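For reference, the structure discussed in these notes is given below.
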Amino acid sequence: MIGWNATLDVGDEASLALDVDSTSLRVREGTGGMQALTGDDKANIEQTINDEVLLRTPIQFRSSVVQLGDRRLDVEGELTLMGETQPIAFELAVDGGSRLNGSAVVKQSEWGMTPYTALFGALVVTDEVEVGIDVTLGAAEEYELMRPQELKPALLELDGISRLTIEAHYQLYRGYVAKRNEIVEQLAAADRGGANQVYSDLRALKIELASAIGAIRNHELYFEQLGGEGRNPAGAAGRMIERDFRSAEDWRADLKATGLAGRGWAWTAYDWDEGRLFNYVGDANNAYPIWNATPLIVLDVQEHAYVLDFGTDREAYIDAFFANLDWSVVNDRVWTHAIPLKS
């Protein structure tokens, strides 16, 4: 399940650890009422849980004792909710050696939580909540679940690019992170025996994973470099731009033209084989600039990056992008990747 990460170690010192993104909780159904919950009801309940009950804080469980009995696990440990940690114990049945199921009772008031009510008291969640557990065990995966990076406050006060655009853009990025995690989980159970180049589930998942990862990396670089005062390139990046483009004006004009020509992305990247900077164009999330090149400046030219503020005027958006570049971040990338500043 997306947002849930559990590890069961059944070695000499058995242990169970669970980390949960509380915003991943979903309302499936309500019982006992005069009518079923609507989609809007469920969405409102989920928002209230996030904003007023759990406050988007992580949920964590760490075992202190895990005992293997006759087709069962007896588990004791500590559960953390809303920053409050309390002991809890439960039993899990072992089915076939690869499936665990059982339940644990959480009394909300013991963690300082007020049971949830809504619809003027017509909808009530009891103090004691039974949490059902039904999982299939798998081998340790090559990839761990990814968490989205936080959005810098400075990005909400850009010159010419609105807060509305940035917030919508950031939610799109979070969606790519969720999609990447979903695909990783599906790959763990994918049938590799039927893989082929025409079509297979494995092929489709691998292609979509490359697209999701490309979108994540590009968006993280894009957000990180904004929030500055623009102006002309300075420092190491400025010297490299003057060396390889003759002037900041020529670099800016070429990157703008590259962005106008692209359908997805434009990058100023250092090509390690050529030993210089170049402005590359990319049409899709899984179209990287070029092998053995390090992107230093990342320009998103997909419609979601500018249409709310500029309509179809992509050129005006690119000018606003230049005006908000943070050259200290770009220079940090130069030094982090040890790019040579040879003349």
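Residue numbering restarts at 1 in every chain; chains get A, B, ... in the order shown in the structure tokens, and ligands count up from 1 in that same order.
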**Study point:** Residues near Ala178 in chain A, cut-off 10 Å, only C-alpha atoms, skip fewer than 4 positions along chain, as a list in words
**Key:**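 With the cut-off at 10 Å, the set is Ile2, Gly3, Leu145, Met146, Arg147, Pro148, Leu172, Tyr173, Arg174, Glu182, Ile183, Val184 and Ala212 of chain A.
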Put those residues in a file: C-alpha atoms, as a compact mmCIF listing (two decimals), in the first residue's frame.
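Okay, result25.txt is ready:
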# COMPACT_ATOMS: atom_id res chain seq x y z
CA ILE A 2 1.36 3.42 -0.92
CA GLY A 3 2.57 5.36 2.11
CA LEU A 145 9.41 3.95 -0.98
CA MET A 146 10.23 7.57 -1.76
CA ARG A 147 8.96 10.65 0.04
CA PRO A 148 8.45 13.92 -1.83
CA LEU A 172 1.73 17.17 -9.77
CA TYR A 173 5.26 16.36 -8.58
CA ARG A 174 3.84 14.59 -5.49
CA GLU A 182 3.08 2.27 -6.79
CA ILE A 183 5.10 0.93 -9.74
CA VAL A 184 7.93 -0.26 -7.47
CA ALA A 212 8.00 8.76 -13.22
Check your understanding: Can you list, as a ChimeraX atom specification, every protein, DNA or RNA residue that comes within 12 Å of Glu274 in chain A when you count only C-alpha atoms, leaving out same-chain residues fewer than 6 positions away?
Key -> /A:244,290-294
Include N, CA and C atoms and write out the residues we just selected as an mmCIF file, in the first residue's frame.
data_model
loop_
_atom_site.group_PDB
_atom_site.id
_atom_site.type_symbol
_atom_site.label_atom_id
_atom_site.label_comp_id
_atom_site.auth_asym_id
_atom_site.auth_seq_id
_atom_site.Cartn_x
_atom_site.Cartn_y
_atom_site.Cartn_z
ATOM 1 N N ASP A 244 31.493 29.168 -22.710
ATOM 2 C CA ASP A 244 30.895 28.265 -23.696
ATOM 3 C C ASP A 244 29.812 28.905 -24.556
ATOM 4 N N ILE A 290 21.149 13.820 -22.079
ATOM 5 C CA ILE A 290 22.061 12.993 -22.863
ATOM 6 C C ILE A 290 22.873 12.192 -21.863
ATOM 7 N N TRP A 291 23.314 11.025 -22.248
ATOM 8 C CA TRP A 291 24.142 10.243 -21.339
ATOM 9 C C TRP A 291 25.436 10.996 -21.045
ATOM 10 N N ASN A 292 25.883 10.876 -19.801
ATOM 11 C CA ASN A 292 27.136 11.475 -19.344
ATOM 12 C C ASN A 292 27.085 13.007 -19.398
ATOM 13 N N ALA A 293 25.928 13.555 -19.107
ATOM 14 C CA ALA A 293 25.780 15.003 -18.981
ATOM 15 C C ALA A 293 25.101 15.302 -17.648
ATOM 16 N N THR A 294 25.503 16.395 -17.014
ATOM 17 C CA THR A 294 24.959 16.783 -15.706
ATOM 18 C C THR A 294 24.135 18.049 -15.851
#
**Study point:** Contacts of range 53-56 of chain A within 12 Å, only C-alpha atoms, excl. fewer than 2 positions in-chain, as a VMD selection string
**Key:** chain A and resid 20 to 25 45 to 51 58 to 59 80 to 84 108 111 to 118 125
Would you export the selected residues with N, CA, C and O atoms as a compact mmCIF listing (two decimals), in the first residue's frame, please?
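To be explicit, this is the file written out as out-v3.txt:
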# COMPACT_ATOMS: atom_id res chain seq x y z
N VAL A 20 4.12 4.83 8.58
CA VAL A 20 2.92 5.13 7.81
C VAL A 20 2.80 6.63 7.57
O VAL A 20 2.95 7.43 8.50
N ASP A 21 2.57 7.00 6.34
CA ASP A 21 2.19 8.38 5.99
C ASP A 21 0.70 8.51 6.30
O ASP A 21 -0.13 7.91 5.63
N SER A 22 0.36 9.28 7.33
CA SER A 22 -1.04 9.34 7.77
C SER A 22 -1.97 9.88 6.70
O SER A 22 -3.17 9.61 6.73
N THR A 23 -1.44 10.64 5.74
CA THR A 23 -2.31 11.17 4.68
C THR A 23 -2.70 10.09 3.68
O THR A 23 -3.50 10.35 2.78
N SER A 24 -2.13 8.89 3.82
CA SER A 24 -2.50 7.80 2.91
C SER A 24 -3.77 7.08 3.34
O SER A 24 -4.29 6.24 2.61
N LEU A 25 -4.28 7.39 4.54
CA LEU A 25 -5.50 6.74 5.02
C LEU A 25 -6.69 7.14 4.15
O LEU A 25 -6.85 8.30 3.79
N ILE A 45 -14.23 13.89 4.99
CA ILE A 45 -13.75 13.19 6.19
C ILE A 45 -12.24 13.04 6.14
O ILE A 45 -11.53 13.29 7.13
N GLU A 46 -11.72 12.64 4.98
CA GLU A 46 -10.27 12.48 4.83
C GLU A 46 -9.54 13.80 5.07
O GLU A 46 -8.50 13.84 5.73
N GLN A 47 -10.09 14.90 4.55
CA GLN A 47 -9.45 16.20 4.75
C GLN A 47 -9.46 16.60 6.22
O GLN A 47 -8.48 17.14 6.74
N THR A 48 -10.58 16.34 6.89
CA THR A 48 -10.66 16.66 8.32
C THR A 48 -9.68 15.85 9.14
O THR A 48 -9.02 16.36 10.06
N ILE A 49 -9.55 14.56 8.81
CA ILE A 49 -8.58 13.71 9.51
C ILE A 49 -7.17 14.26 9.33
O ILE A 49 -6.39 14.35 10.28
N ASN A 50 -6.85 14.68 8.09
CA ASN A 50 -5.51 15.20 7.81
C ASN A 50 -5.26 16.53 8.51
O ASN A 50 -4.18 16.76 9.06
N ASP A 51 -6.26 17.43 8.47
CA ASP A 51 -6.05 18.80 8.93
C ASP A 51 -6.35 19.02 10.40
O ASP A 51 -5.80 19.93 11.02
N PRO A 58 3.40 11.63 10.91
CA PRO A 58 3.65 10.22 10.61
C PRO A 58 3.22 9.31 11.76
O PRO A 58 3.18 9.71 12.92
N ILE A 59 2.88 8.07 11.39
CA ILE A 59 2.53 7.03 12.35
C ILE A 59 3.67 6.01 12.36
O ILE A 59 4.18 5.63 11.31
N THR A 80 3.35 5.14 17.91
CA THR A 80 3.41 6.60 18.02
C THR A 80 2.37 7.23 17.12
O THR A 80 2.36 7.00 15.91
N LEU A 81 1.47 7.99 17.74
CA LEU A 81 0.43 8.75 17.03
C LEU A 81 0.48 10.19 17.53
O LEU A 81 0.52 10.42 18.74
N MET A 82 0.51 11.15 16.63
CA MET A 82 0.49 12.56 17.02
C MET A 82 1.62 12.91 17.98
O MET A 82 1.49 13.74 18.87
N GLY A 83 2.75 12.21 17.83
CA GLY A 83 3.89 12.46 18.70
C GLY A 83 3.79 11.80 20.06
O GLY A 83 4.73 11.88 20.86
N GLU A 84 2.69 11.11 20.35
CA GLU A 84 2.49 10.43 21.63
C GLU A 84 2.78 8.94 21.44
O GLU A 84 2.24 8.31 20.52
N GLN A 108 -8.16 5.64 21.02
CA GLN A 108 -7.64 6.94 20.65
C GLN A 108 -7.32 7.83 21.85
O GLN A 108 -6.32 8.55 21.86
N TRP A 111 -3.93 8.02 23.41
CA TRP A 111 -2.91 8.79 22.70
C TRP A 111 -3.26 10.28 22.66
O TRP A 111 -2.70 11.04 21.90
N GLY A 112 -4.21 10.69 23.52
CA GLY A 112 -4.57 12.10 23.61
C GLY A 112 -5.40 12.60 22.45
O GLY A 112 -5.47 13.81 22.20
N MET A 113 -6.06 11.69 21.72
CA MET A 113 -6.84 12.06 20.55
C MET A 113 -8.33 12.08 20.87
O MET A 113 -8.83 11.22 21.61
N THR A 114 -9.03 13.05 20.33
CA THR A 114 -10.48 13.12 20.48
C THR A 114 -11.14 12.37 19.33
O THR A 114 -10.85 12.66 18.16
N PRO A 115 -11.98 11.38 19.60
CA PRO A 115 -12.62 10.62 18.52
C PRO A 115 -13.33 11.53 17.52
O PRO A 115 -13.96 12.52 17.90
N TYR A 116 -13.24 11.19 16.28
CA TYR A 116 -13.75 12.01 15.17
C TYR A 116 -15.28 11.98 15.11
O TYR A 116 -15.90 10.93 15.24
N THR A 117 -15.88 13.15 14.93
CA THR A 117 -17.32 13.26 14.67
C THR A 117 -17.53 14.21 13.49
O THR A 117 -16.72 15.09 13.23
N ALA A 118 -18.63 14.00 12.79
CA ALA A 118 -18.93 14.86 11.63
C ALA A 118 -20.41 14.82 11.36
O ALA A 118 -21.17 14.09 11.99
N VAL A 125 -16.87 8.19 15.04
CA VAL A 125 -15.89 7.11 15.11
C VAL A 125 -15.67 6.80 16.58
O VAL A 125 -15.34 7.68 17.37
Exercise for review: Determine which residues of range 39-186 of chain A receive a DSSP assignment of alpha helix (DSSP H), computed from the backbone, and state them as a VMD selection string.
Suggested key: chain A and resid 39 to 48 163 to 186
Export of prior selection with N, CA, C and O atoms as a short mmCIF file (atom, residue, chain, number, x, y, z; two decimals), in the first residue's frame:
data_model
loop_
_atom_site.label_atom_id
_atom_site.label_comp_id
_atom_site.auth_asym_id
_atom_site.auth_seq_id
_atom_site.Cartn_x
_atom_site.Cartn_y
_atom_site.Cartn_z
N GLY A 39 -19.16 10.31 -2.32
CA GLY A 39 -17.75 10.59 -2.58
C GLY A 39 -17.30 11.87 -1.90
O GLY A 39 -16.18 11.94 -1.37
N ASP A 40 -18.17 12.91 -1.92
CA ASP A 40 -17.83 14.17 -1.25
C ASP A 40 -17.71 13.98 0.26
O ASP A 40 -16.83 14.57 0.90
N ASP A 41 -18.61 13.16 0.84
CA ASP A 41 -18.53 12.88 2.28
C ASP A 41 -17.18 12.27 2.64
O ASP A 41 -16.52 12.69 3.59
N LYS A 42 -16.77 11.28 1.84
CA LYS A 42 -15.50 10.60 2.12
C LYS A 42 -14.32 11.56 1.99
O LYS A 42 -13.41 11.55 2.82
N ALA A 43 -14.36 12.39 0.95
CA ALA A 43 -13.27 13.36 0.74
C ALA A 43 -13.20 14.35 1.89
O ALA A 43 -12.11 14.71 2.36
N ASN A 44 -14.36 14.83 2.36
CA ASN A 44 -14.39 15.78 3.48
C ASN A 44 -13.87 15.15 4.77
O ASN A 44 -13.17 15.80 5.56
N ILE A 45 -14.23 13.89 4.99
CA ILE A 45 -13.75 13.19 6.19
C ILE A 45 -12.24 13.04 6.14
O ILE A 45 -11.53 13.29 7.13
N GLU A 46 -11.72 12.64 4.98
CA GLU A 46 -10.27 12.48 4.83
C GLU A 46 -9.54 13.80 5.07
O GLU A 46 -8.50 13.84 5.73
N GLN A 47 -10.09 14.90 4.55
CA GLN A 47 -9.45 16.20 4.75
C GLN A 47 -9.46 16.60 6.22
O GLN A 47 -8.48 17.14 6.74
N THR A 48 -10.58 16.34 6.89
CA THR A 48 -10.66 16.66 8.32
C THR A 48 -9.68 15.85 9.14
O THR A 48 -9.02 16.36 10.06
N ARG A 163 1.59 31.83 -6.70
CA ARG A 163 1.50 30.77 -5.68
C ARG A 163 0.59 29.66 -6.16
O ARG A 163 0.87 28.46 -5.94
N LEU A 164 -0.51 30.02 -6.83
CA LEU A 164 -1.46 29.01 -7.32
C LEU A 164 -0.77 28.06 -8.29
O LEU A 164 -0.95 26.83 -8.22
N THR A 165 0.04 28.61 -9.20
CA THR A 165 0.75 27.77 -10.16
C THR A 165 1.74 26.85 -9.46
O THR A 165 1.81 25.64 -9.75
N ILE A 166 2.53 27.40 -8.52
CA ILE A 166 3.53 26.59 -7.82
C ILE A 166 2.86 25.48 -7.01
O ILE A 166 3.32 24.33 -7.01
N GLU A 167 1.78 25.78 -6.31
CA GLU A 167 1.11 24.76 -5.50
C GLU A 167 0.54 23.65 -6.37
O GLU A 167 0.63 22.46 -6.03
N ALA A 168 -0.08 24.03 -7.50
CA ALA A 168 -0.61 23.02 -8.42
C ALA A 168 0.53 22.20 -9.02
O ALA A 168 0.42 20.97 -9.17
N HIS A 169 1.62 22.86 -9.37
CA HIS A 169 2.78 22.20 -9.94
C HIS A 169 3.39 21.22 -8.93
O HIS A 169 3.78 20.09 -9.29
N TYR A 170 3.45 21.64 -7.68
CA TYR A 170 4.02 20.79 -6.63
C TYR A 170 3.16 19.55 -6.40
O TYR A 170 3.69 18.44 -6.18
N GLN A 171 1.84 19.69 -6.47
CA GLN A 171 0.96 18.53 -6.32
C GLN A 171 1.17 17.54 -7.46
O GLN A 171 1.08 16.32 -7.26
N LEU A 172 1.43 18.04 -8.64
CA LEU A 172 1.73 17.17 -9.77
C LEU A 172 3.01 16.37 -9.48
O LEU A 172 3.07 15.15 -9.72
N TYR A 173 4.01 17.04 -8.96
CA TYR A 173 5.26 16.36 -8.58
C TYR A 173 5.00 15.28 -7.53
O TYR A 173 5.51 14.15 -7.63
N ARG A 174 4.18 15.59 -6.52
CA ARG A 174 3.84 14.59 -5.49
C ARG A 174 3.16 13.39 -6.13
O ARG A 174 3.37 12.24 -5.70
N GLY A 175 2.36 13.64 -7.16
CA GLY A 175 1.70 12.55 -7.86
C GLY A 175 2.70 11.62 -8.54
O GLY A 175 2.52 10.40 -8.56
N TYR A 176 3.77 12.20 -9.10
CA TYR A 176 4.80 11.37 -9.72
C TYR A 176 5.51 10.51 -8.68
O TYR A 176 5.86 9.36 -8.94
N VAL A 177 5.75 11.07 -7.49
CA VAL A 177 6.37 10.29 -6.42
C VAL A 177 5.47 9.12 -6.03
O VAL A 177 5.93 7.98 -5.88
N ALA A 178 4.17 9.39 -5.89
CA ALA A 178 3.23 8.32 -5.54
C ALA A 178 3.18 7.26 -6.64
O ALA A 178 3.12 6.06 -6.36
N LYS A 179 3.21 7.70 -7.90
CA LYS A 179 3.18 6.74 -9.01
C LYS A 179 4.44 5.89 -9.02
O LYS A 179 4.38 4.68 -9.25
N ARG A 180 5.60 6.51 -8.77
CA ARG A 180 6.85 5.74 -8.71
C ARG A 180 6.76 4.66 -7.63
O ARG A 180 7.13 3.51 -7.84
N ASN A 181 6.24 5.02 -6.44
CA ASN A 181 6.12 4.05 -5.36
C ASN A 181 5.15 2.92 -5.72
O ASN A 181 5.40 1.76 -5.41
N GLU A 182 4.07 3.27 -6.37
CA GLU A 182 3.08 2.27 -6.79
C GLU A 182 3.71 1.28 -7.78
O GLU A 182 3.51 0.07 -7.67
N ILE A 183 4.48 1.81 -8.74
CA ILE A 183 5.10 0.93 -9.74
C ILE A 183 6.13 0.02 -9.10
O ILE A 183 6.23 -1.17 -9.43
N VAL A 184 6.93 0.55 -8.15
CA VAL A 184 7.93 -0.26 -7.47
C VAL A 184 7.27 -1.43 -6.76
O VAL A 184 7.77 -2.57 -6.80
N GLU A 185 6.14 -1.19 -6.12
CA GLU A 185 5.43 -2.27 -5.44
C GLU A 185 4.91 -3.29 -6.44
O GLU A 185 4.95 -4.51 -6.20
N GLN A 186 4.42 -2.84 -7.58
CA GLN A 186 3.92 -3.76 -8.60
C GLN A 186 5.05 -4.58 -9.22
O GLN A 186 4.86 -5.75 -9.55
#
Exercise for review: Do a neighbour search on Val330 in chain A at 9 Å with only C-alpha atoms, toss out local chain neighbours closer than 4 positions, and write the hits as a VMD selection string.
Suggested key: chain A and resid 225 236 to 237 296 to 297 325 to 326 334
